[in-house]
file final-v5.cif (mmCIF, C-alpha atoms and all ligand atoms)
data_input
loop_
_atom_site.label_atom_id
_atom_site.label_comp_id
_atom_site.auth_asym_id
_atom_site.auth_seq_id
_atom_site.Cartn_x
_atom_site.Cartn_y
_atom_site.Cartn_z
CA MET A 593 -3.00 13.40 -5.14
CA PRO A 594 -4.87 12.05 -2.09
CA PHE A 595 -7.58 9.48 -2.67
CA ASP A 596 -10.39 11.73 -1.42
CA ARG A 597 -9.54 14.33 -4.07
CA LEU A 598 -9.69 11.69 -6.80
CA GLN A 599 -13.14 10.44 -5.82
CA PRO A 600 -15.18 13.33 -7.31
CA LYS A 601 -13.11 13.17 -10.50
CA ILE A 602 -13.83 9.46 -10.83
CA LYS A 603 -17.54 10.05 -10.30
CA THR A 604 -17.50 12.73 -13.02
CA ILE A 605 -15.73 10.45 -15.51
CA LEU A 606 -18.03 7.49 -14.85
CA SER A 607 -21.22 9.56 -15.10
CA ASN A 608 -20.42 10.77 -18.63
CA ASN A 609 -23.04 8.82 -20.56
CA SER A 610 -21.93 10.33 -23.89
CA GLU A 611 -18.87 8.05 -23.78
CA THR A 612 -18.70 4.26 -23.97
CA VAL A 613 -17.98 2.28 -20.81
CA GLU A 614 -14.58 1.37 -22.30
CA GLN A 615 -13.69 5.04 -22.83
CA ARG A 616 -14.72 5.93 -19.29
CA LEU A 617 -12.74 3.05 -17.81
CA THR A 618 -9.68 4.12 -19.83
CA GLU A 619 -10.01 7.65 -18.42
CA VAL A 620 -10.23 6.26 -14.88
CA CYS A 621 -7.06 4.23 -15.53
CA GLU A 622 -5.29 7.32 -16.90
CA LEU A 623 -6.38 9.46 -13.94
CA LEU A 624 -5.10 6.92 -11.42
CA GLN A 625 -1.88 6.24 -13.31
CA THR A 626 -1.01 9.94 -13.66
CA SER A 627 -2.18 11.05 -10.18
CA ILE A 628 -0.63 8.41 -7.94
CA GLY A 629 3.14 8.24 -8.24
CA TYR A 630 3.50 4.55 -7.47
CA TYR A 631 0.65 3.42 -9.83
CA ASP A 632 2.73 2.68 -12.95
CA TRP A 633 0.24 0.49 -14.80
CA VAL A 634 -3.52 0.41 -14.19
CA GLY A 635 -5.99 -1.88 -15.94
CA PHE A 636 -9.43 -3.44 -15.75
CA TYR A 637 -9.89 -7.10 -16.66
CA PHE A 638 -13.35 -8.67 -17.04
CA ALA A 639 -14.23 -12.35 -16.79
CA ASN A 640 -15.64 -14.66 -19.43
CA LYS A 641 -17.05 -17.23 -17.01
CA ALA A 642 -17.85 -19.83 -19.69
CA GLU A 643 -14.28 -19.82 -20.99
CA ARG A 644 -12.73 -19.16 -17.56
CA THR A 645 -10.60 -16.33 -18.91
CA LEU A 646 -10.00 -12.68 -18.01
CA HIS A 647 -9.95 -10.06 -20.77
CA LEU A 648 -8.25 -6.67 -20.61
CA LYS A 649 -10.86 -4.00 -21.33
CA ALA A 650 -9.07 -0.75 -20.45
CA PHE A 651 -5.63 0.28 -19.23
CA ALA A 652 -3.08 3.08 -18.82
CA GLY A 653 0.68 2.55 -18.97
CA GLU A 654 2.76 0.41 -21.29
CA PRO A 655 0.79 -1.99 -23.52
CA THR A 656 0.91 -5.58 -22.25
CA ASP A 657 0.94 -8.91 -24.10
CA HIS A 658 -1.27 -10.34 -21.36
CA THR A 659 -4.66 -9.24 -22.64
CA VAL A 660 -6.21 -12.67 -21.96
CA ILE A 661 -5.40 -14.50 -18.70
CA PRO A 662 -6.80 -17.94 -17.78
CA PHE A 663 -8.48 -18.28 -14.37
CA GLY A 664 -5.90 -19.54 -11.86
CA LYS A 665 -2.89 -18.11 -13.72
CA GLY A 666 -0.89 -15.23 -12.25
CA ILE A 667 -2.11 -12.85 -9.58
CA CYS A 668 -5.09 -11.83 -11.72
CA GLY A 669 -6.16 -15.41 -12.44
CA GLN A 670 -5.94 -16.29 -8.76
CA VAL A 671 -8.19 -13.37 -7.80
CA ALA A 672 -10.74 -14.53 -10.41
CA GLU A 673 -11.08 -17.70 -8.30
CA SER A 674 -10.50 -16.44 -4.74
CA ASN A 675 -12.81 -13.37 -4.91
CA LYS A 676 -10.35 -11.67 -2.55
CA ASN A 677 -7.94 -8.74 -2.77
CA PHE A 678 -4.38 -9.82 -3.52
CA VAL A 679 -1.61 -7.46 -2.41
CA VAL A 680 1.88 -8.42 -3.58
CA PRO A 681 4.62 -6.36 -1.89
CA ASP A 682 7.37 -8.18 -3.84
CA VAL A 683 6.52 -9.89 -7.13
CA LYS A 684 9.79 -11.88 -7.01
CA ALA A 685 8.43 -13.80 -4.00
CA GLN A 686 5.46 -15.09 -6.07
CA THR A 687 5.66 -18.42 -7.89
CA ASN A 688 2.33 -18.04 -9.73
CA TYR A 689 3.00 -14.66 -11.31
CA ILE A 690 2.84 -13.33 -14.90
CA ALA A 691 5.52 -10.69 -15.49
CA CYS A 692 4.43 -7.80 -17.70
CA SER A 693 7.54 -5.64 -17.33
CA ILE A 694 10.98 -6.14 -15.83
CA TYR A 695 10.52 -2.90 -13.87
CA VAL A 696 7.49 -4.06 -11.87
CA LYS A 697 8.22 -4.67 -8.19
CA ALA A 698 4.75 -4.89 -6.63
CA GLU A 699 1.14 -5.47 -7.63
CA ILE A 700 -2.37 -5.16 -6.21
CA VAL A 701 -5.48 -6.80 -7.66
CA VAL A 702 -8.95 -6.04 -6.26
CA PRO A 703 -12.00 -7.97 -7.50
CA LEU A 704 -14.96 -6.08 -8.96
CA PHE A 705 -18.38 -7.28 -7.80
CA LYS A 706 -21.69 -6.71 -9.56
CA GLU A 707 -24.69 -7.87 -7.54
CA GLY A 708 -22.38 -9.98 -5.38
CA GLU A 709 -20.69 -11.70 -8.32
CA ASN A 710 -16.96 -11.37 -9.06
CA ILE A 711 -17.08 -10.19 -12.68
CA GLY A 712 -13.64 -8.62 -13.09
CA GLN A 713 -10.90 -6.74 -11.33
CA ILE A 714 -8.69 -3.70 -11.20
CA ASP A 715 -4.98 -4.47 -11.47
CA ILE A 716 -2.20 -2.05 -10.52
CA ASP A 717 1.51 -2.63 -11.12
CA SER A 718 4.10 -0.58 -9.27
CA ASN A 719 7.77 -0.03 -10.01
CA THR A 720 8.16 0.86 -6.31
CA ALA A 721 8.74 -1.93 -3.79
CA ASP A 722 6.00 -2.61 -1.21
CA PRO A 723 3.97 0.59 -1.83
CA PHE A 724 0.41 -0.59 -1.16
CA SER A 725 -1.48 -0.17 2.13
CA SER A 726 -5.00 -0.93 3.33
CA GLU A 727 -5.90 2.58 2.16
CA ASP A 728 -5.17 1.53 -1.43
CA GLU A 729 -7.36 -1.52 -0.95
CA GLN A 730 -10.25 0.56 0.42
CA PHE A 731 -9.89 3.14 -2.32
CA LEU A 732 -9.77 0.54 -5.11
CA GLU A 733 -12.78 -1.27 -3.63
CA TRP A 734 -14.61 2.05 -3.79
CA VAL A 735 -13.49 2.61 -7.43
CA ASN A 736 -14.79 -0.85 -8.35
CA SER A 737 -18.13 -0.23 -6.62
CA GLN A 738 -18.53 2.95 -8.70
CA VAL A 739 -17.62 1.10 -11.91
CA ALA A 740 -20.13 -1.64 -11.11
CA GLU A 741 -22.90 0.96 -11.17
CA ILE A 742 -22.34 1.75 -14.86
CA LEU A 743 -22.12 -1.88 -15.99
N1 LIG B 1 1.05 -9.55 -13.31
C1 LIG B 1 -0.27 -10.01 -13.61
C2 LIG B 1 -0.53 -10.04 -15.09
C3 LIG B 1 -1.12 -8.80 -15.64
S1 LIG B 1 0.03 -7.57 -15.84
O1 LIG B 1 0.40 -7.10 -14.47
C4 LIG B 1 -0.56 -6.32 -16.69
C5 LIG B 1 -0.51 -11.37 -13.01
O2 LIG B 1 0.42 -11.99 -12.48
O3 LIG B 1 -1.64 -11.83 -13.06
#

call {"tool": "encode", "arguments": {"input": "final-v5.cif", "output": "structure tokens", "more": "lines below"}}
Ligand code: SME
result
Amino acid sequence: MPFDRLQPKIKTILSNNSETVEQRLTEVCELLQTSIGYYDWVGFYFANKAERTLHLKAFAGEPTDHTVIPFGKGICGQVAESNKNFVVPDVKAQTNYIACSIYVKAEIVVPLFKEGENIGQIDIDSNTADPFSSEDEQFLEWVNSQVAEIL
């Protein structure tokens, strides 16, 4: 499904105040994971700045052991420090990488800003090699901006 057709669905999910934030984020993960063929695992991590750790709050796809990630570790931990999108076309080429599944070939992590502060991130794993373009980055930045409004 094209990104522009997902946008109204995401807005509808996030505006449902009868559900918790965690439930709504899980539904967003499920929508993305089921609608976009090369999004095999989708999750939101949020930062504990005092402890310098990321914590998995919602996801869709196979459960992961990596529910807590220290800042600086893996792709996610690097984005917690860099405040920049990290697109990985080939995870095998990364030395600072935390493998969640042997099937994953590529990953994209986009930081989530609230009032200019990097408070978390969306993380997508793909079992397809080199699938992500600047359109994914723009779309995921938009998703994160919508999430920030309900936090
Ligand atoms: N691969 C990530 C860890 C999280 S899993 O993809 C769910 C990383 O290197 O930070």

call {"tool": "closest_residue", "arguments": {"input": "final-v5.cif", "among": "A:Gln713, A:Ser693, A:Asn677, A:Gln738", "to": "A:Gln599", "atoms": "only C-alpha atoms"}}
result
A:Gln738

call {"tool": "closest_residue", "arguments": {"input": "final-v5.cif", "among": "A:Val671, A:Leu646, A:Val680, A:Ala740", "to": "A:Phe705", "atoms": "only C-alpha atoms"}}
result
A:Ala740

call {"tool": "residues_near_ligand", "arguments": {"input": "final-v5.cif", "ligand": "ligand LIG 1 (chain B)", "cutoff": "6 Å", "atoms": "all atoms listed in the file", "output": "ChimeraX atom specification"}}
result
/A:656,658,666-669,689-692,717

call {"tool": "closest_residue", "arguments": {"input": "final-v5.cif", "among": "A:Ala652, A:Val679, A:Gly635, A:Leu623", "to": "A:Glu727", "atoms": "all atoms listed in the file"}}
result
A:Val679

call {"tool": "residues_around", "arguments": {"input": "final-v5.cif", "residues": "A:Tyr695", "least_positions_apart": "4", "cutoff": "12 Å", "atoms": "only C-alpha atoms", "output": "MDAnalysis selection string"}}
result
chainID A and resid 632:633 654 682:684 691 699 717:721

call {"tool": "closest_residue", "arguments": {"input": "final-v5.cif", "among": "A:Pro703, A:Lys641, A:Asn710, A:Gln615", "to": "A:Trp734", "atoms": "all atoms listed in the file"}}
result
A:Pro703

call {"tool": "residues_near_point", "arguments": {"input": "final-v5.cif", "point": "(-6.3, -3.3, -7.6)", "cutoff": "7 Å", "atoms": "all atoms listed in the file", "output": "list in words"}}
result
Ile700, Val701, Val702, Gln713, Ile714, Asp715, Ile716, Glu729 and Leu732 of chain A

call {"tool": "closest_residue", "arguments": {"input": "final-v5.cif", "among": "A:Leu598, A:Ile605, A:Leu704, A:Ile742", "to": "A:Ser627", "atoms": "all atoms listed in the file"}}
result
A:Leu598

call {"tool": "closest_residue", "arguments": {"input": "final-v5.cif", "among": "A:Glu619, A:Glu673, A:Asp596, A:Glu614", "to": "A:Gly653", "atoms": "all atoms listed in the file"}}
result
A:Glu619

call {"tool": "atom_distance", "arguments": {"input": "final-v5.cif", "atom1": "atom CA of A:Glu733", "atom2": "atom CA of A:Gly712"}}
result
12.0 Å

call {"tool": "atom_distance", "arguments": {"input": "final-v5.cif", "atom1": "atom CA of A:Phe678", "atom2": "atom CA of A:Thr618"}}
result
22.1 Å

call {"tool": "atom_distance", "arguments": {"input": "final-v5.cif", "atom1": "atom CA of A:Leu606", "atom2": "atom CA of A:Thr645"}}
result
25.3 Å

call {"tool": "residues_near_point", "arguments": {"input": "final-v5.cif", "point": "(-9.9, -15.7, -15.8)", "cutoff": "7 Å", "atoms": "all atoms listed in the file", "output": "ChimeraX atom specification"}}
result
/A:639-640,644-646,661-664,669,672
